[in-house]
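Novice: The structure that follows is given in the form of structure tokens.
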Amino acid sequence: MSISGSPQKGHDSRILVGLQSEQRTTVTPSRHLGKIEEETEHPDPEVSWNEEYLIGTGREMHAKTEGQKVYEGGSYPIIPYDGYPLAVLLGSETFTQDTPTSGTNEHVLTAAGASSGSATPVPPSLTVEATHLGRGGASDFVRTFNTVVPTSGEISLDNEGRLTTTLDTIAIGVSTGSSPTTDPGMPDRNPWLFSDLSSGFTFDGTTVARLEEFTISINQNSSARHYIESTRAPDPYEILYGGRVSYEFTATVTVVDDTFYSELIN
């Protein structure tokens, strides 16, 4: 028996995304999520099977029927070149180019539902297209994930590297094909380096300049819901944000006197 074809490789793959106007409404992906170097995990389906062991049919399984499908475990380690992945995690972004006061580009990230009656009550959902380009004459392998939502994520930076973002996601469906969206190309943008930034971290109104590293963890408490219905089952019917948003900030700071410690215990 001969095995033909070439293995699929990471350098012959790409991940494109597009913002959905509402859940279950897929869109044509229009951009890259960011720069991705490390291994990714997509929210591929997991099927729960209902197994039947019947009296009088012996020790072997008699039959099994398909139960719920869940789309969990998606993880995307991203080196951002703009505020897009952070806005997907938090809620929304306003971008102003060459602001008059500073002469630089400005990104304002706003947490969804941060105030009563917010115009953005929940973060957006994404269409994610994951493509393995065919090698050795093989066809392209395309997976299009519908309504991809970050359940949680992290933003981190240390004193020798680049700002990174990790999105942990769920989805409500996937389709496959062999015709990927045309690659819009990776923008010629540099990541944010530790040496490019100034600390805006304040503690009790005092700016902490000697910041060595930090991590901001955000948990959106989103979950996929199944109901007793036949229109969308066994896939999830929708994704809900049922819980509160939680934030955790950890940092390593070089202390020069007892002020920081005094403020901490007081």
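Within each chain, counting starts at residue 1; across the structure tokens, chains are named A, B, ... in the order shown, with ligands numbered 1 upward in that order.
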List the spatial neighbours of region 65-70 of chain A as a PyMOL selection string - criterion: any atom at most 8 Å away, only C-alpha atoms, same-chain residues fewer than 4 positions off excluded.
Specialist: chain A and resi 45-51+171-172+224+226+233-236
Novice: When DSSP works through the backbone of this structure, what residues of region 67-210 of chain A end up as helix (DSSP H, G or I), shown as a count of residues only?
Specialist: 10
Novice: Which residues are close to Pro191 (chain A), i.e. within 7 Å by only C-alpha atoms, leaving aside same-chain residues fewer than 2 positions away? Reply as a PyMOL selection string.
Specialist: chain A and resi 79-81+162+189+193
Novice: For the strand (DSSP E or B) assignment from backbone DSSP, which residues of region 71-210 of chain A qualify? Please present them as a ChimeraX atom specification.
Specialist: /A:71-79,91-96,106-111,125-132,141-157,162,164-171,173-177,193,202-203,206-207
Novice: Rounded to one decimal in Å, what is the spacing between CA of Leu163 (chain A) and CA of Ile36 (chain A)?
Specialist: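 Straight-line distance from CA of Leu163 (chain A) to CA of Ile36 (chain A) works out to 12.4 Å.
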Novice: Choose the residue, out of A:Asn190, A:Thr250, A:Thr57, A:Thr40, that has the smallest atom-to-atom separation from Thr215 (chain A); count only C-alpha atoms.
Specialist: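 So, comparing all the options, the nearest one is A:Thr250.
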Novice: Could you work out how far CA of Thr26 (chain A) lies from CA of Leu240 (chain A), giving the answer in Å with one decimal?
Specialist: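 That distance, rounded to one decimal, is 17.7 Å.
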